$ cat model_19.cif   # mmCIF, C-alpha atoms
data_model
loop_
_atom_site.label_atom_id
_atom_site.label_comp_id
_atom_site.auth_asym_id
_atom_site.auth_seq_id
_atom_site.Cartn_x
_atom_site.Cartn_y
_atom_site.Cartn_z
CA MET V 1 161.03 98.12 84.56
CA GLU V 2 160.97 100.20 87.74
CA LYS V 3 161.53 98.38 91.00
CA ASP V 4 158.74 98.27 93.53
CA TYR V 5 159.40 99.33 97.12
CA GLY V 6 156.46 98.32 99.26
CA GLY V 7 153.94 99.48 96.69
CA GLN V 8 155.98 102.54 95.64
CA SER V 9 158.04 102.59 92.43
CA ALA V 10 161.56 103.95 92.39
CA HIS V 11 160.29 106.94 90.43
CA SER V 12 157.44 107.68 92.82
CA PRO V 13 157.55 110.89 94.91
CA HIS V 14 156.85 108.57 97.84
CA GLY V 15 159.67 106.21 96.93
CA PRO V 16 163.22 105.84 98.26
CA HIS V 17 164.86 108.33 95.89
CA ALA V 18 162.54 111.14 96.92
CA GLN V 19 162.70 110.27 100.60
CA ALA V 20 166.51 110.21 100.58
CA ALA V 21 166.63 113.52 98.69
CA LEU V 22 164.26 115.17 101.18
CA ALA V 23 166.31 113.89 104.11
CA TRP V 24 169.48 115.35 102.58
CA LEU V 25 167.74 118.63 101.86
CA ARG V 26 166.59 118.81 105.48
CA ARG V 27 170.18 118.22 106.60
CA SER V 28 171.44 121.01 104.29
CA ILE V 29 169.16 123.44 106.13
CA GLU V 30 169.79 122.11 109.62
CA THR V 31 173.56 122.47 109.12
CA THR V 32 173.10 126.26 108.79
CA GLY V 33 170.90 126.47 111.87
CA GLY V 34 167.86 127.04 109.69
CA GLN V 35 169.48 130.04 108.00
CA GLY V 36 169.00 128.88 104.42
CA SER V 37 170.17 125.74 102.62
CA ALA V 38 173.91 125.07 102.34
CA HIS V 39 175.24 125.60 98.82
CA SER V 40 176.77 122.12 98.74
CA TYR V 41 178.56 119.38 100.60
CA SER V 42 182.13 118.33 99.82
CA PRO V 43 183.75 115.19 101.29
CA LEU V 44 186.98 117.20 101.46
CA PHE V 45 185.77 120.56 102.74
CA GLY V 46 182.46 119.79 104.42
CA TRP V 47 179.34 121.94 104.19
CA ALA V 48 179.48 125.28 102.39
CA LYS V 49 177.66 128.40 103.53
CA ALA V 50 173.99 128.91 102.72
CA TYR V 51 173.18 129.91 99.15
CA PRO V 52 170.41 132.51 98.75
CA GLU V 53 169.71 131.85 95.05
CA THR V 54 168.92 128.17 95.32
CA THR V 55 167.38 128.46 98.79
CA GLY V 56 164.83 130.67 97.03
CA TYR V 57 163.73 128.06 94.55
CA LEU V 58 164.01 125.18 97.00
CA ILE V 59 161.08 126.65 98.93
CA PRO V 60 158.37 125.78 96.37
CA THR V 61 159.74 122.24 96.24
CA LEU V 62 159.56 121.92 100.02
CA LEU V 63 155.99 123.23 100.02
CA ARG V 64 155.02 120.86 97.22
CA TYR V 65 156.25 117.84 99.17
CA ALA V 66 154.81 119.13 102.45
CA TYR V 67 151.42 119.08 100.74
CA LEU V 68 152.01 115.73 99.07
CA LEU V 69 153.31 113.94 102.17
CA HIS V 70 151.18 115.83 104.72
CA ASP V 71 154.43 116.76 106.45
CA ASP V 72 154.25 120.05 108.36
CA SER V 73 157.96 119.86 109.19
CA LEU V 74 158.78 120.44 105.51
CA ARG V 75 156.50 123.48 105.54
CA ASP V 76 158.31 124.75 108.62
CA LEU V 77 161.65 124.38 106.83
CA ALA V 78 160.29 126.35 103.88
CA HIS V 79 159.10 129.12 106.17
CA SER V 80 162.43 129.32 107.97
CA CYS V 81 164.20 129.66 104.61
CA ARG V 82 161.81 132.40 103.52
CA ASP V 83 162.28 134.31 106.76
CA TRP V 84 166.05 134.13 106.37
CA LEU V 85 165.89 135.38 102.79
CA LEU V 86 163.78 138.36 103.84
CA ARG V 87 166.31 139.24 106.54
CA ILE V 88 169.19 139.36 104.05
CA GLN V 89 167.37 141.16 101.23
CA LEU V 90 169.29 144.26 100.18
CA PRO V 91 167.76 147.72 100.70
CA ASN V 92 167.22 148.18 96.95
CA GLY V 93 165.07 145.03 96.81
CA ALA V 94 167.68 142.74 95.26
CA TRP V 95 169.55 139.77 96.67
CA ALA V 96 173.31 139.43 96.50
CA GLY V 97 175.22 136.96 94.39
CA GLY V 98 177.27 134.12 95.84
CA VAL V 99 176.88 132.45 99.20
CA ALA V 100 175.62 134.13 102.37
CA GLY V 101 177.40 137.35 103.21
CA GLY V 102 177.61 138.82 99.71
CA THR V 103 176.68 142.43 99.02
CA LYS V 104 176.73 142.77 95.22
CA PRO V 105 173.21 142.62 93.71
CA SER V 106 172.59 139.70 91.36
CA VAL V 107 169.97 139.60 88.60
CA PHE V 108 169.67 135.83 88.47
CA ASN V 109 169.68 135.30 92.24
CA THR V 110 167.01 137.96 92.67
CA ALA V 111 164.85 136.40 89.96
CA MET V 112 165.03 133.03 91.71
CA ILE V 113 163.79 134.58 94.99
CA LEU V 114 161.52 137.16 93.36
CA TRP V 115 158.23 135.97 94.85
CA ALA V 116 159.53 136.22 98.43
CA GLY V 117 160.03 139.95 98.88
CA ALA V 118 158.59 143.31 97.93
CA GLY V 119 160.78 145.50 95.73
CA ALA V 120 162.56 142.67 93.95
CA GLY V 121 160.47 142.88 90.79
CA ALA V 122 160.87 146.64 90.58
CA TRP V 123 164.66 146.32 90.95
CA LEU V 124 164.86 143.72 88.18
CA LEU V 125 162.84 145.93 85.84
CA SER V 126 164.98 148.94 86.69
CA GLU V 127 168.08 146.98 85.63
CA LEU V 128 166.57 145.81 82.33
CA SER V 129 167.90 147.58 79.23
CA PRO V 130 165.41 148.82 76.61
CA ASP V 131 166.46 146.00 74.27
CA GLY V 132 165.53 143.38 76.90
CA ALA V 133 168.99 142.49 78.24
CA TRP V 134 170.25 142.56 81.81
CA ARG V 135 173.79 143.89 81.58
CA ASN V 136 174.48 144.54 85.27
CA GLY V 137 174.41 142.18 88.25
CA ALA V 138 175.89 139.28 86.30
CA TYR V 139 177.76 136.20 87.52
CA VAL V 140 180.54 137.14 85.07
CA PRO V 141 180.80 140.94 84.78
CA GLY V 142 179.88 142.14 81.31
CA PHE V 143 178.51 138.76 80.19
CA VAL V 144 174.79 138.48 79.29
CA PRO V 145 174.01 134.75 79.44
CA SER V 146 171.12 133.19 77.57
CA TYR V 147 169.99 131.27 80.65
CA TYR V 148 168.47 134.57 81.75
CA THR V 149 165.37 133.25 79.97
CA TYR V 150 164.78 131.48 83.30
CA ALA V 151 164.65 134.91 84.96
CA VAL V 152 162.20 136.10 82.28
CA TRP V 153 159.94 133.18 83.18
CA SER V 154 160.18 134.04 86.89
CA LEU V 155 159.14 137.64 86.27
CA LEU V 156 156.24 136.58 84.06
CA GLU V 157 154.95 134.16 86.70
CA THR V 158 155.18 136.61 89.57
CA GLY V 159 154.82 139.93 87.76
CA ALA V 160 151.06 140.15 88.06
CA ARG V 161 151.40 139.91 91.84
CA LEU V 162 154.69 141.66 92.55
CA GLY V 163 155.49 143.86 89.57
CA PRO V 164 153.91 146.68 87.55
CA ALA V 165 151.46 146.19 84.70
CA GLU V 166 154.09 146.50 81.95
CA VAL V 167 155.83 143.24 82.96
CA PRO V 168 154.40 141.11 80.09
CA GLU V 169 155.47 143.46 77.30
CA ARG V 170 158.89 144.11 78.79
CA MET V 171 159.42 140.37 79.20
CA ARG V 172 158.28 139.84 75.61
CA THR V 173 161.07 142.19 74.51
CA ALA V 174 163.53 140.29 76.71
CA LEU V 175 162.39 136.89 75.41
CA HIS V 176 162.91 137.95 71.80
CA PHE V 177 166.33 139.39 72.67
CA TYR V 178 167.47 135.92 73.73
CA ALA V 179 165.53 134.10 71.01
CA ARG V 180 167.70 135.80 68.41
CA ARG V 181 170.55 133.67 69.77
CA PHE V 182 169.10 130.38 68.50
CA ARG V 183 171.35 128.77 65.90
CA PRO V 184 169.78 126.85 62.99
CA ASP V 185 170.71 123.55 64.70
CA GLY V 186 168.71 124.50 67.83
CA THR V 187 171.67 125.28 70.07
CA VAL V 188 171.92 128.75 71.60
CA THR V 189 174.88 131.10 71.79
CA ASP V 190 176.08 132.21 75.23
CA TRP V 191 173.99 129.71 77.18
CA GLY V 192 176.85 128.68 79.43
CA LEU V 193 177.99 130.04 82.78
CA LYS V 194 180.84 131.88 81.05
CA PRO V 195 181.53 133.12 77.52
CA GLY V 196 182.32 130.25 75.16
CA GLU V 197 180.66 127.80 72.82
CA TRP V 198 180.20 124.90 75.26
CA ALA V 199 177.56 124.76 77.98
CA PHE V 200 176.78 122.32 80.78
CA THR V 201 173.38 120.65 80.55
CA HIS V 202 172.53 122.55 83.74
CA THR V 203 172.44 125.92 81.96
CA ILE V 204 171.16 124.40 78.72
CA ALA V 205 168.11 123.21 80.65
CA TYR V 206 167.70 126.60 82.33
CA THR V 207 167.74 128.28 78.92
CA LEU V 208 165.35 125.91 77.17
CA GLN V 209 162.84 125.74 79.99
CA GLY V 210 162.93 129.52 80.29
CA PHE V 211 162.16 129.80 76.59
CA LEU V 212 159.40 127.20 76.77
CA GLU V 213 157.55 128.51 79.82
CA SER V 214 157.90 132.17 78.85
CA ALA V 215 156.71 131.54 75.31
CA LEU V 216 153.71 129.61 76.62
CA LEU V 217 152.76 132.45 78.95
CA LEU V 218 153.18 135.07 76.22
CA GLY V 219 151.72 133.06 73.35
CA ALA V 220 154.99 133.48 71.44
CA GLU V 221 154.52 130.69 68.90
CA GLU V 222 157.72 131.44 66.96
CA VAL V 223 159.81 131.00 70.12
CA LEU V 224 157.91 127.83 70.99
CA GLU V 225 158.77 126.39 67.59
CA LYS V 226 162.45 127.21 68.02
CA THR V 227 162.46 125.63 71.48
CA ARG V 228 160.82 122.45 70.23
CA HIS V 229 163.34 122.36 67.40
CA ALA V 230 166.11 122.51 70.03
CA ALA V 231 164.49 119.59 71.89
CA GLU V 232 164.44 117.63 68.62
CA GLY V 233 168.10 118.41 68.00
CA LEU V 234 169.19 117.08 71.38
CA LEU V 235 167.12 113.92 70.89
CA VAL V 236 168.68 113.28 67.48
CA GLU V 237 172.15 113.50 69.06
CA PHE V 238 171.10 111.12 71.84
CA GLU V 239 169.58 108.63 69.38
CA GLN V 240 172.78 108.62 67.34
CA THR V 241 175.11 108.12 70.30
CA ASN V 242 172.85 106.52 72.93
CA ARG V 243 174.76 108.64 75.45
CA ILE V 244 174.13 111.87 77.34
CA ALA V 245 176.99 114.35 77.45
CA GLY V 246 177.81 116.60 80.38
CA ARG V 247 178.03 119.59 78.07
CA TYR V 248 177.33 120.42 74.45
CA GLY V 249 178.71 122.74 71.82
CA PRO V 250 177.44 123.94 68.43
CA GLY V 251 175.83 121.22 66.36
CA TRP V 252 175.06 119.34 69.59
CA LYS V 253 178.63 118.08 69.68
CA GLY V 254 178.89 116.44 73.11
CA ASP V 255 181.58 116.11 75.75
CA TYR V 256 181.04 112.52 76.85
CA ALA V 257 183.93 112.40 79.32
CA PHE V 258 181.37 113.06 82.06
CA THR V 259 177.66 113.50 82.63
CA CYS V 260 175.84 116.09 84.73
CA PRO V 261 173.17 114.42 86.91
CA VAL V 262 171.81 117.83 87.92
CA GLY V 263 171.33 118.87 84.29
CA ASN V 264 169.79 115.48 83.50
CA ALA V 265 167.13 116.02 86.17
CA GLN V 266 166.42 119.47 84.72
CA LEU V 267 166.20 118.12 81.17
CA SER V 268 163.74 115.51 82.38
CA ILE V 269 161.49 118.33 83.60
CA PHE V 270 161.92 120.19 80.32
CA PHE V 271 161.12 117.21 78.11
CA ARG V 272 158.12 116.32 80.28
CA ARG V 273 156.76 119.83 79.68
CA VAL V 274 157.43 119.58 75.94
CA TRP V 275 155.45 116.34 75.93
CA GLU V 276 152.61 117.93 77.92
CA THR V 277 152.37 120.78 75.41
CA THR V 278 152.74 118.71 72.23
CA GLY V 279 151.41 115.24 73.06
CA VAL V 280 154.37 113.72 71.17
CA GLU V 281 155.27 110.53 73.03
CA LYS V 282 158.98 110.56 72.23
CA PHE V 283 159.37 113.57 74.51
CA ALA V 284 157.81 111.66 77.42
CA ARG V 285 160.19 108.77 76.76
CA ALA V 286 163.11 111.20 76.70
CA ALA V 287 161.98 112.65 80.04
CA ASP V 288 162.06 109.14 81.53
CA VAL V 289 165.54 108.48 80.15
CA PHE V 290 166.97 111.71 81.57
CA LEU V 291 165.32 111.05 84.93
CA SER V 292 166.73 107.53 85.08
CA GLU V 293 170.19 108.83 84.20
CA SER V 294 169.95 111.33 87.06
CA LEU V 295 168.70 108.77 89.59
CA ARG V 296 171.52 106.43 88.64
CA PHE V 297 174.03 108.71 90.36
CA GLN V 298 172.10 109.59 93.51
CA ASN V 299 174.26 108.81 96.54
CA PHE V 300 173.03 105.98 98.77
CA GLY V 301 176.24 105.59 100.77
CA LYS V 302 176.61 105.50 104.54
CA ASN V 303 177.80 109.09 105.02
CA PRO V 304 174.70 111.01 106.22
CA ASN V 305 176.13 114.23 104.78
CA SER V 306 175.94 112.85 101.24
CA HIS V 307 173.28 110.13 101.48
CA GLY V 308 170.45 111.14 99.16
CA ALA V 309 172.42 113.89 97.40
CA LEU V 310 173.14 114.28 93.71
CA PRO V 311 176.70 115.01 92.54
CA GLY V 312 177.40 117.86 90.17
CA SER V 313 179.31 115.54 87.86
CA ALA V 314 179.72 111.83 87.25
CA PRO V 315 182.46 110.84 87.62
CA PHE V 316 182.56 112.86 90.82
CA TRP V 317 185.65 114.83 89.74
CA GLY V 318 184.11 115.98 86.48
CA PRO V 319 184.19 119.68 85.61
CA TYR V 320 180.73 120.72 86.81
CA LEU V 321 180.75 121.36 90.60
CA ARG V 322 183.84 119.21 90.89
CA GLY V 323 183.77 117.02 94.03
CA ARG V 324 180.57 118.55 95.41
CA TYR V 325 176.92 117.75 96.00
CA PRO V 326 174.96 120.96 95.27
CA ASN V 327 171.64 121.63 96.96
CA TRP V 328 169.93 122.42 93.66
CA GLY V 329 170.62 118.88 92.49
CA VAL V 330 168.08 117.42 94.90
CA LYS V 331 165.68 120.30 94.14
CA PHE V 332 165.53 119.38 90.47
CA LEU V 333 165.51 115.65 91.19
CA LEU V 334 162.49 116.08 93.48
CA ASP V 335 160.77 118.30 90.90
CA ALA V 336 161.43 115.76 88.15
CA LEU V 337 159.88 112.97 90.25
CA ALA V 338 156.84 115.12 91.03
CA THR V 339 156.48 116.19 87.40
CA LYS V 340 156.54 112.57 86.26
CA ALA V 341 153.70 111.87 88.70
CA HIS V 342 151.79 114.95 87.39
CA LEU V 343 151.66 116.49 90.85
CA PRO V 344 150.67 120.15 91.14
CA VAL V 345 153.16 122.95 91.68
CA LEU V 346 152.18 125.02 94.71
#
$ encode --input "model_19.cif" --output "structure tokens"
Amino acid sequence: MEKDYGGQSAHSPHGPHAQAALAWLRRSIETTGGQGSAHSYSPLFGWAKAYPETTGYLIPTLLRYAYLLHDDSLRDLAHSCRDWLLRIQLPNGAWAGGVAGGTKPSVFNTAMILWAGAGAGAWLLSELSPDGAWRNGAYVPGFVPSYYTYAVWSLLETGARLGPAEVPERMRTALHFYARRFRPDGTVTDWGLKPGEWAFTHTIAYTLQGFLESALLLGAEEVLEKTRHAAEGLLVEFEQTNRIAGRYGPGWKGDYAFTCPVGNAQLSIFFRRVWETTGVEKFARAADVFLSESLRFQNFGKNPNSHGALPGSAPFWGPYLRGRYPNWGVKFLLDALATKAHLPVL
């Protein structure tokens, strides 16, 4: 049973987990002087530089909570982040990869900030191959990761406003390019950050949610079925082990030496959406389990630089974002809390 905090449950967007996450997020922006949100905080190395990619998708979360909490200061933070992103947009319409100061255009970073600036959608389409793959502007040169489905979703959502009329059909081609990577067991090839069979739950969630939301927007029933089959496969593994791995390989073989609280928050969002689109209650229960597993590792220590943050890995020195608290951890935690409460996305 969830604890009650003065009329607010632990899982409430008004509760202590959300409030601590928002306070940490505010600090991550203040530490840069309002010039974006710091990539992460490390107890050893302090605050990192601002990170354009995740600053981009933190903004809708800030606006959502500004509306929910009637807090204009959160709206002001969102606007300052948007203004900074527009100042650093590259002349070709893209945004650079890496932390602030980069110059090499990035497909995924641009897709995460797409709505903020003119020219971004056109650049992404110009980089798209006829078969639906982005082969340039990658995190790992020459590698075409399956989590680009998340970029497909971004273009579909914003294309009507920012891109040309052919966006839906070109994204349909892209979606089916990645859908061919589904294995019979529901796992997906190349859905990690780098080439290899194993993937952190962070990029697994990116991939599956990208498939789900894109297929819903395009009415691609075959892709929806494959995505739901993947959700079933992960649940079967969880039911057999009663544990959540930090990364998975083919056949849903898990690495249980660590867990990824960031990925767990993302999977909570994914399973909540699967439940909303199917009505199957086991997916709602799974969403609650993944959310609880994420909240379990939120930092409530005395250090104000980490209080409210979510570690990349648990234990802290696990292989995903080793020894760091990434800003996107609190973004997905806040989104998972809001999604559980069925609050609108602004």
$ closest_atom_pairs --input "model_19.cif" --of "stretch 251-319 of chain V" --to "stretch 216-238 of chain V" --cutoff "12 Å" --atoms "all atoms listed in the file" --output "CSV"
residue,atom,partner,partner_atom,distance
V:Gly251,CA,V:Gly233,CA,8.4
V:Trp252,CA,V:Leu234,CA,6.5
V:Lys253,CA,V:Glu237,CA,8.0
V:Gly254,CA,V:Glu237,CA,8.4
V:Asp255,CA,V:Glu237,CA,11.9
V:Tyr256,CA,V:Phe238,CA,11.2
V:Leu267,CA,V:Ala231,CA,9.6
V:Ser268,CA,V:Ala231,CA,11.3
V:Phe270,CA,V:Ala231,CA,8.8
V:Phe271,CA,V:Ala231,CA,7.5
V:Arg272,CA,V:Ala231,CA,11.0
V:Arg273,CA,V:Arg228,CA,10.6
V:Val274,CA,V:Arg228,CA,7.2
V:Trp275,CA,V:Arg228,CA,9.9
V:Glu276,CA,V:Leu216,CA,11.8
V:Thr277,CA,V:Leu216,CA,9.0
V:Thr278,CA,V:Arg228,CA,9.1
V:Val280,CA,V:Arg228,CA,10.9
V:Lys282,CA,V:Leu235,CA,8.9
V:Phe283,CA,V:Ala231,CA,8.3
V:Ala284,CA,V:Leu235,CA,11.6
V:Arg285,CA,V:Leu235,CA,10.4
V:Ala286,CA,V:Leu235,CA,7.6
V:Ala287,CA,V:Leu235,CA,10.6
V:Val289,CA,V:Phe238,CA,10.3
V:Phe290,CA,V:Phe238,CA,10.6
$ write_last_selection --input "model_19.cif" --atoms "C-alpha atoms" --output "PDB file, in the coordinates of the input"
ATOM      1  CA  GLY V 251     175.830 121.220  66.360  1.00  0.00           C
ATOM      2  CA  TRP V 252     175.060 119.340  69.590  1.00  0.00           C
ATOM      3  CA  LYS V 253     178.630 118.080  69.680  1.00  0.00           C
ATOM      4  CA  GLY V 254     178.890 116.440  73.110  1.00  0.00           C
ATOM      5  CA  ASP V 255     181.580 116.110  75.750  1.00  0.00           C
ATOM      6  CA  TYR V 256     181.040 112.520  76.850  1.00  0.00           C
ATOM      7  CA  LEU V 267     166.200 118.120  81.170  1.00  0.00           C
ATOM      8  CA  SER V 268     163.740 115.510  82.380  1.00  0.00           C
ATOM      9  CA  PHE V 270     161.920 120.190  80.320  1.00  0.00           C
ATOM     10  CA  PHE V 271     161.120 117.210  78.110  1.00  0.00           C
ATOM     11  CA  ARG V 272     158.120 116.320  80.280  1.00  0.00           C
ATOM     12  CA  ARG V 273     156.760 119.830  79.680  1.00  0.00           C
ATOM     13  CA  VAL V 274     157.430 119.580  75.940  1.00  0.00           C
ATOM     14  CA  TRP V 275     155.450 116.340  75.930  1.00  0.00           C
ATOM     15  CA  GLU V 276     152.610 117.930  77.920  1.00  0.00           C
ATOM     16  CA  THR V 277     152.370 120.780  75.410  1.00  0.00           C
ATOM     17  CA  THR V 278     152.740 118.710  72.230  1.00  0.00           C
ATOM     18  CA  VAL V 280     154.370 113.720  71.170  1.00  0.00           C
ATOM     19  CA  LYS V 282     158.980 110.560  72.230  1.00  0.00           C
ATOM     20  CA  PHE V 283     159.370 113.570  74.510  1.00  0.00           C
ATOM     21  CA  ALA V 284     157.810 111.660  77.420  1.00  0.00           C
ATOM     22  CA  ARG V 285     160.190 108.770  76.760  1.00  0.00           C
ATOM     23  CA  ALA V 286     163.110 111.200  76.700  1.00  0.00           C
ATOM     24  CA  ALA V 287     161.980 112.650  80.040  1.00  0.00           C
ATOM     25  CA  VAL V 289     165.540 108.480  80.150  1.00  0.00           C
ATOM     26  CA  PHE V 290     166.970 111.710  81.570  1.00  0.00           C
TER      27      PHE V 290
END
$ residues_near_point --input "model_19.cif" --point "(179.6, 138.7, 90.6)" --cutoff "12 Å" --atoms "only C-alpha atoms" --output "JSON, numbers by chain"
{"V": [95, 96, 97, 98, 99, 102, 103, 104, 105, 106, 107, 108, 109, 135, 136, 137, 138, 139, 140, 141, 142, 143, 193, 194]}
$ residues_around --input "model_19.cif" --residues "stretch 304-319 of chain V" --least-positions-apart "5" --cutoff "10 Å" --atoms "all atoms listed in the file" --output "MDAnalysis selection string"
chainID V and resid 16:25 27:28 31 40:43 46:47 200 202 246:247 257:263 265 294:299 324:333
$ closest_residue --input "model_19.cif" --among "V:Ala120, V:His11, V:Leu155, V:Ser129" --to "V:Thr339" --atoms "all atoms listed in the file"
V:His11
$ resolve_selection --input "model_19.cif" --expression "the PyMOL selection byres ((chain V and resi 78) around 9)" --output "PyMOL selection string"
chain V and resi 55+58-63+73-77+79-83
$ resolve_selection --input "model_19.cif" --expression "the PyMOL selection byres ((chain V and resi 154) around 12)" --output "PyMOL selection string"
chain V and resi 56-57+107-116+120-121+124+147-153+155-163+167-168+171+206+209-211+213-214+217
$ resolve_selection --input "model_19.cif" --expression "the PyMOL selection byres ((chain V and resi 49) around 9)" --output "PyMOL selection string"
chain V and resi 32+36-40+47-48+50-51+99-101
$ residues_around --input "model_19.cif" --residues "V:Leu69" --least-positions-apart "4" --cutoff "9 Å" --atoms "all atoms listed in the file" --output "PyMOL selection string"
chain V and resi 13-14+64-65
$ build_atoms --input "model_19.cif" --residues "stretch 121-134 of chain V" --atoms "N, CA and C atoms" --output "PDB file, keeping the file's coordinate frame"
ATOM      1  N   GLY V 121     160.899 142.749  92.169  1.00  0.00           N
ATOM      2  CA  GLY V 121     160.470 142.880  90.790  1.00  0.00           C
ATOM      3  C   GLY V 121     160.799 144.254  90.228  1.00  0.00           C
ATOM      4  N   ALA V 122     160.576 145.280  91.025  1.00  0.00           N
ATOM      5  CA  ALA V 122     160.870 146.640  90.580  1.00  0.00           C
ATOM      6  C   ALA V 122     162.359 146.813  90.314  1.00  0.00           C
ATOM      7  N   TRP V 123     163.217 146.217  91.165  1.00  0.00           N
ATOM      8  CA  TRP V 123     164.660 146.320  90.950  1.00  0.00           C
ATOM      9  C   TRP V 123     165.058 145.633  89.655  1.00  0.00           C
ATOM     10  N   LEU V 124     164.520 144.438  89.403  1.00  0.00           N
ATOM     11  CA  LEU V 124     164.860 143.720  88.180  1.00  0.00           C
ATOM     12  C   LEU V 124     164.447 144.521  86.945  1.00  0.00           C
ATOM     13  N   LEU V 125     163.281 145.129  86.977  1.00  0.00           N
ATOM     14  CA  LEU V 125     162.840 145.930  85.840  1.00  0.00           C
ATOM     15  C   LEU V 125     163.698 147.181  85.668  1.00  0.00           C
ATOM     16  N   SER V 126     164.140 147.739  86.784  1.00  0.00           N
ATOM     17  CA  SER V 126     164.980 148.940  86.690  1.00  0.00           C
ATOM     18  C   SER V 126     166.338 148.629  86.074  1.00  0.00           C
ATOM     19  N   GLU V 127     166.784 147.379  86.183  1.00  0.00           N
ATOM     20  CA  GLU V 127     168.080 146.980  85.630  1.00  0.00           C
ATOM     21  C   GLU V 127     167.979 146.483  84.193  1.00  0.00           C
ATOM     22  N   LEU V 128     166.768 146.349  83.673  1.00  0.00           N
ATOM     23  CA  LEU V 128     166.570 145.810  82.330  1.00  0.00           C
ATOM     24  C   LEU V 128     166.779 146.889  81.282  1.00  0.00           C
ATOM     25  N   SER V 129     167.653 146.633  80.315  1.00  0.00           N
ATOM     26  CA  SER V 129     167.900 147.580  79.230  1.00  0.00           C
ATOM     27  C   SER V 129     166.702 147.630  78.292  1.00  0.00           C
ATOM     28  N   PRO V 130     166.542 148.721  77.542  1.00  0.00           N
ATOM     29  CA  PRO V 130     165.410 148.820  76.610  1.00  0.00           C
ATOM     30  C   PRO V 130     165.331 147.688  75.592  1.00  0.00           C
ATOM     31  N   ASP V 131     166.483 147.091  75.254  1.00  0.00           N
ATOM     32  CA  ASP V 131     166.460 146.000  74.270  1.00  0.00           C
ATOM     33  C   ASP V 131     166.110 144.656  74.893  1.00  0.00           C
ATOM     34  N   GLY V 132     165.934 144.609  76.229  1.00  0.00           N
ATOM     35  CA  GLY V 132     165.530 143.380  76.900  1.00  0.00           C
ATOM     36  C   GLY V 132     166.653 142.614  77.555  1.00  0.00           C
ATOM     37  N   ALA V 133     167.836 143.176  77.636  1.00  0.00           N
ATOM     38  CA  ALA V 133     168.990 142.490  78.240  1.00  0.00           C
ATOM     39  C   ALA V 133     169.267 143.040  79.636  1.00  0.00           C
ATOM     40  N   TRP V 134     169.701 142.139  80.518  1.00  0.00           N
ATOM     41  CA  TRP V 134     170.250 142.560  81.810  1.00  0.00           C
ATOM     42  C   TRP V 134     171.764 142.586  81.667  1.00  0.00           C
TER      43      TRP V 134
END
